[in-house]
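Enquirer: After the structure tokens below, expect a handful of questions from me.
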Amino acid sequence: MSNNIHTETTFEISIEHSLIEDGGYKRGYSKDFDTHQGVFPEYITDFLKNSQPKSWQKLESIHVDNVEAKVVRRLLQEMDLRGTLDILRNGFTDYGVKFQMAYFKPETNLNPDAEVLYNKNSLTVTRQLYYERKGKNSLDLVLSLNGLPITTVELKNQFSGQNVGNAKTQYIFDREPTEPIFKFKKRSLVHFAVDTDECYMTTKLAGKNTRYLPFNTGYNNGAGNPPIKDNYRTSYLWEKVWAKDSFLDLIGKFLHLNVEEFEMNGVVKTKETMIFPRYHQMDVVRKLTKDARKKGAGENYLIQHSAGSGKSNSIAWLSYRLSSLHNNQDERVFDSVIVITDRRVLDSQLQNTIYQFEHKQGVVQKIDKDSQQLADALGAGSNIIITTLQKFPFVLDKIEELPSRNYAVIIDEAHSSQGGEATKKMKEVLAAKSLEEAEQEDLDSGLDEDAEDSVRKSMESRGKQSNLSFFGFTATPKPKTVEVFGTPDKNGEPKPFHLYSMRQAIEEGFILDVLKNYTTYKTYFRLSKEIEDDPKVNKKQAARAIGRFMSLHPHNLAQKAEVMVEHFRQVVAKKIGGKAKAMVVSSSRLHAVRYKEEFDKYIKSKGYKDIKTLVAFSGKVMYDTYPEGITEPEINGFKEKELPKKFSSNEYQILLVADKYQTGFDQPLLHTMYVDKKLSGVKCVQTLSRLNRTHPGKEDTFILDFANDTEDILKSFQDYYELTTIQENSDPNHLYDLKSVIESAQIIWDTEVNNFCNIFYKSSATLSKGEQKKLNGFIDPAVERYKRLPDGSGELLNNLTNQISQDDFKNALQSFTRLYSFLTQIMPFSDVELEKLYTYGRFLLKKLPRNNQADKFELGDEVSLEYYRLQKIADADINLVSEGEAELQVGGDAGLRKPKDEEGQLSEIIEVLNHRFGTEFNDADKLFFDQMETELAKDEKLSEQAKSNTMENFKFGFEDAFMDKLIGRMEQNQDIFTKIMDDKEFGVLVKNYLLKRVYKQLNG
């Protein structure tokens, strides 16, 4: 006897039942859905007739016949023009008759009619909705509001052998984004991939470029969801998130269309992104709002959210909520919300986000003049006031003078990238009580305290103010800050009100684990020596060793500088497609200046042209060479505020710092940090975390520490990190032990490894579709052989004669790739067999069955694949040919021999641009142009135009497509994107170059 208890259908029915019985939904039917229009026409007109009968009667007298069809047609015109979200919030007009398409929950109970209208909303859940204009594909669930589809859902049940990874794959490969229901912003707004354990969401289907974000609650301060007795782990989704009040709240007060504008040659293009909150963002805003409504003003809230948590959006949503918050007596809780930040981007983000909610100007007032402007805004009770960290003490003083008004003060990450500058100015404010005097002073730096300390002391000095609630967002609160502003737990211990941990951010893929490749100099020295001296490891001598200083402990700056420069050139410079940067953390401003001298001296003595340094410190440094003192701008040769932009360019690779830029500095290309300063506590976490930002092609980080012990670093990270580990006992020869285990399973065949590498390392900078298929073809047979291994775990190294299990094989291969990746951070390897096994094994691991865990990456992940290949192809120190293997040719500076004519063709655009414009783009930058060319050549519309037009006529359609593709790839190479947008002549040259190549390619 069989039943369907384990199937996906049972899971689907369970969710539908919950939404109908407890979530405020009605059942929808696929037959009622118009596949061409992408809506439920009858549900729309039923809602309009029921909620706005008088307006409907007016239209009936105007249209007379076919009223329903005419109204729906008009609505669809507006949806195609403005988008679903704007229609839901602001309605539409037909022949002068205004209709609302949704009613949102009123903030107060003062208007009984508003509550009646809110209850007129009609939510429907439709199972197995057939959405295609042609074909029979269906969606598992569609959630609709008043006939408009809002959410589509693909469900998988692990009991039937599939998981959330299969749901994501189904959206990416089986759902055509051009179908009406999937059209970005014009119909459904968010798409969920769900299994019984995990949930992911995206707001735009874009084929293989679709980006899914986790929407999980977190478990033990990590990723995922906790087990729930007698229920699914993901049950929070339909029981809480999709339930009527929550669902309408998300639509009304969270969803946000982010619009960026770009102009080139008079043509303005926009990049639009629909923002749907991640779970922790939704959760923190709702919990803070609920508590503030209950308790009123006078409370402190500390929000510990890691980097990568999306604090800017969380603050924008919270600001809006608090500005309109009313208590149970229908009284406004806060007269004004004051946002304290030093991030300029937050100002425009707040303005744009809140305009979409309110649809009126002037809700947010920016304070950019003097203290009188701030005083006037506070006194007038402006809804939302945004000002700088330096003005915080003045804000407190003014609030104290206005006891009859209540204020919410939101502080955004109280750490400044400018070292102690903000703190100094704040101390001046505290001492002088004059905002203007304080902001004109420019004192020397070197203060140990940062802005967080000043914020805390400023509030402590005034005592608790009953008309002020404080909302502090930070990734790394100091113990004293937690003590003062934390919320007591059940044991009376102060804790952050809300936590999104570093561990969860890492596990969810928003930041990188900076301790994964943390190495003290002692370990670095030992491993380098072993690699250099061991004949087994170096049996194929080709790698250039790290030189004479290997046997010297670097007692002076010159020796350390040599170690760092050589390590950077040999290892780091190949990372992130040749764009990786490094930071040197020195113990004082004098050390930073002296390091700059030693670095430049060594670089010049070696004749290196591919590495330049910058230095960052505050004030003047006086010593023997400069008795009168010297400043950062005088050494670097440009203004202080220009440094972040200069460092982000291709011109500079290493930044030497003293306090400055150790906190609050975001540079995603930072890959390696050399630490020559004692670090502890929060300062340690903040400093090392400069490396954790993600970037296309950035897969790891590296820290070489000259000054600290592993135990001290671990202790500093423990409170913020969760389950921190550092492994420094790696044995290079263990690679060969693991290789033996891997080979004993007979899963990986040499012929397939060699064939894979022949294509993977071929000279072209991009792989064609056919070649990517071949890569899969060389991986898939190994996957099938793996599946035939027995389950369970056996003895890994002591029992090689027995057939090993799936777990043993996977663990050995994972250990091998991790260890090899780590050791190549120490110095380049020369064993081609190890390199090829690492390359093949890394991609094989991505395709092995994942035991009910969602695949994070696909083999066809174009950006990661291309950057990784570029990193290896550019590595001149790795010989990828073993004896007797003629198919993998090498030579020259690129590490792989290429046909000269092809190499010249690929580098043509880079050489032309550098020569003509004085830019410093390198071979790795051709990836950007090659991928642009590939995408443009795949454009079906362009293909038709190229075959039926001269190049002169073809260029008109090409220009539009060029801008669209350029904006779509802006994150992958910000330098080239900025140059194209800012320099008209440069942009025209690039566009014309690609125009000719694409036209030629499309015409065969």
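Quick note on naming: the chains in the structure tokens go A, B, ... in the order shown, residues restart at 1 in each chain, and ligands are numbered from 1 in order of appearance.
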For A:Asp513, list every protein, DNA or RNA residue within 9 Å, evaluated using only C-alpha atoms, and leave out those in the same chain fewer than 4 positions away; present the list as JSON, numbers by chain.

Expert: {"A": [502, 503, 506, 507, 517, 689, 691, 692, 700, 701]}

Enquirer: Report as a list of chain:residue names all protein, DNA and RNA residues lying within 12 Å of A:Arg997, evaluated on only C-alpha atoms, omitting residues in the same chain fewer than 2 positions from it.

Expert: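 Answer for this query is A:Gln905, A:Leu906, A:Glu908, A:Ile909, A:Phe929, A:Asp930, A:Met932, A:Glu933, A:Thr934, A:Leu936, A:Ala937, A:Ala946, A:Met951, A:Lys955, A:Phe958, A:Val990, A:Lys991, A:Asn992, A:Tyr993, A:Leu994, A:Leu995, A:Tyr999, A:Lys1000, A:Gln1001, A:Leu1002, A:Asn1003, A:Gly1004.
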
Enquirer: Please write the residues from the selection above to a file, keeping N, CA and C atoms, as a tab-separated table (two decimals), in the first residue's frame.

Expert:
chain	number	residue	atom	x	y	z
A	905	GLN	N	45.18	40.15	-30.84
A	905	GLN	CA	43.80	40.53	-31.04
A	905	GLN	C	43.09	40.74	-29.71
A	906	LEU	N	43.32	39.85	-28.78
A	906	LEU	CA	42.65	39.94	-27.49
A	906	LEU	C	43.11	41.16	-26.70
A	908	GLU	N	44.29	43.94	-27.99
A	908	GLU	CA	44.26	45.16	-28.82
A	908	GLU	C	43.59	46.33	-28.12
A	909	ILE	N	42.40	46.10	-27.61
A	909	ILE	CA	41.65	47.22	-27.01
A	909	ILE	C	42.38	47.78	-25.80
A	929	PHE	N	35.67	43.52	-21.70
A	929	PHE	CA	35.32	43.80	-23.09
A	929	PHE	C	34.90	42.52	-23.81
A	930	ASP	N	35.57	41.42	-23.53
A	930	ASP	CA	35.22	40.15	-24.17
A	930	ASP	C	33.82	39.70	-23.78
A	932	MET	N	31.41	41.69	-22.73
A	932	MET	CA	30.49	42.63	-23.38
A	932	MET	C	30.25	42.19	-24.82
A	933	GLU	N	31.34	41.87	-25.52
A	933	GLU	CA	31.23	41.45	-26.92
A	933	GLU	C	30.39	40.19	-27.04
A	934	THR	N	30.64	39.22	-26.16
A	934	THR	CA	29.90	37.96	-26.20
A	934	THR	C	28.41	38.19	-25.98
A	936	LEU	N	26.66	40.98	-26.41
A	936	LEU	CA	26.07	41.73	-27.53
A	936	LEU	C	25.86	40.81	-28.74
A	937	ALA	N	26.81	39.92	-28.97
A	937	ALA	CA	26.71	39.01	-30.12
A	937	ALA	C	25.59	38.00	-29.93
A	946	ALA	N	21.94	43.37	-37.64
A	946	ALA	CA	23.26	43.32	-38.28
A	946	ALA	C	23.17	42.69	-39.67
A	951	MET	N	26.69	48.82	-41.47
A	951	MET	CA	27.22	49.11	-40.15
A	951	MET	C	26.78	50.50	-39.68
A	955	LYS	N	24.56	50.79	-36.14
A	955	LYS	CA	25.08	51.40	-34.90
A	955	LYS	C	23.98	52.04	-34.05
A	958	PHE	N	22.66	49.38	-31.97
A	958	PHE	CA	23.78	48.89	-31.16
A	958	PHE	C	24.01	49.76	-29.93
A	990	VAL	N	35.62	52.93	-27.14
A	990	VAL	CA	35.25	51.57	-26.73
A	990	VAL	C	34.02	51.10	-27.49
A	991	LYS	N	33.03	51.98	-27.58
A	991	LYS	CA	31.78	51.61	-28.26
A	991	LYS	C	32.03	51.29	-29.73
A	992	ASN	N	32.82	52.11	-30.40
A	992	ASN	CA	33.10	51.88	-31.82
A	992	ASN	C	33.91	50.60	-32.04
A	993	TYR	N	34.83	50.36	-31.12
A	993	TYR	CA	35.64	49.13	-31.20
A	993	TYR	C	34.73	47.91	-31.14
A	994	LEU	N	33.82	47.88	-30.15
A	994	LEU	CA	32.93	46.74	-29.99
A	994	LEU	C	31.90	46.68	-31.12
A	995	LEU	N	31.47	47.84	-31.61
A	995	LEU	CA	30.52	47.89	-32.73
A	995	LEU	C	31.08	47.12	-33.93
A	999	TYR	N	29.56	43.56	-35.19
A	999	TYR	CA	28.97	43.56	-36.53
A	999	TYR	C	29.64	42.50	-37.40
A	1000	LYS	N	30.97	42.45	-37.32
A	1000	LYS	CA	31.73	41.47	-38.09
A	1000	LYS	C	31.37	40.05	-37.67
A	1001	GLN	N	31.26	39.84	-36.34
A	1001	GLN	CA	30.94	38.51	-35.83
A	1001	GLN	C	29.54	38.06	-36.25
A	1002	LEU	N	28.57	38.98	-36.18
A	1002	LEU	CA	27.19	38.63	-36.51
A	1002	LEU	C	26.99	38.40	-38.00
A	1003	ASN	N	27.90	38.91	-38.78
A	1003	ASN	CA	27.81	38.70	-40.23
A	1003	ASN	C	28.77	37.62	-40.71
A	1004	GLY	N	29.22	36.79	-39.77
A	1004	GLY	CA	29.98	35.60	-40.12
A	1004	GLY	C	31.43	35.87	-40.50

Enquirer: Nearest to A:Val194 among A:Thr210, A:Ser648, A:Gln162, A:Ser306, with distances taken over only C-alpha atoms: which residue is it?

Expert: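 Answer, going by the shortest atom-to-atom distance: A:Gln162.
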
Enquirer: Given only C-alpha atoms as the basis, pick out the residue of A:Phe357, A:Tyr212, A:Tyr761, A:Lys185 nearest to A:Ala167.

Expert: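 The closest residue to A:Ala167 is A:Tyr212.
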
Enquirer: Return the single residue from A:Phe104, A:Tyr674, A:Phe276, A:Tyr595 that is closest to A:Tyr200, with distances computed using only C-alpha atoms.

Expert: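 Of the candidates, the smallest distance to A:Tyr200 is held by A:Phe276.
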
Enquirer: I'd like the neighbourhood of A:Glu68 as JSON, numbers by chain, where a residue qualifies if any of its atoms comes within 9 Å (using only C-alpha atoms), though same-chain residues fewer than 4 positions away should be ignored.

Expert: {"A": [41, 42, 44, 45, 72, 73]}

Enquirer: Would you save the residues of that selection, restricted to C-alpha atoms, as a PDB file, in the first residue's frame?

Expert:
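Heads up, here's the output in out-v3.pdb:
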ATOM      1  CA  PRO A  41      -9.129  39.779 -14.836  1.00  0.00           C
ATOM      2  CA  GLU A  42     -12.267  38.660 -13.015  1.00  0.00           C
ATOM      3  CA  ILE A  44      -9.561  42.547 -10.468  1.00  0.00           C
ATOM      4  CA  THR A  45     -13.028  43.691 -11.467  1.00  0.00           C
ATOM      5  CA  VAL A  72      -8.588  45.841 -17.168  1.00  0.00           C
ATOM      6  CA  ARG A  73      -7.006  47.048 -20.421  1.00  0.00           C
TER       7      ARG A  73
END
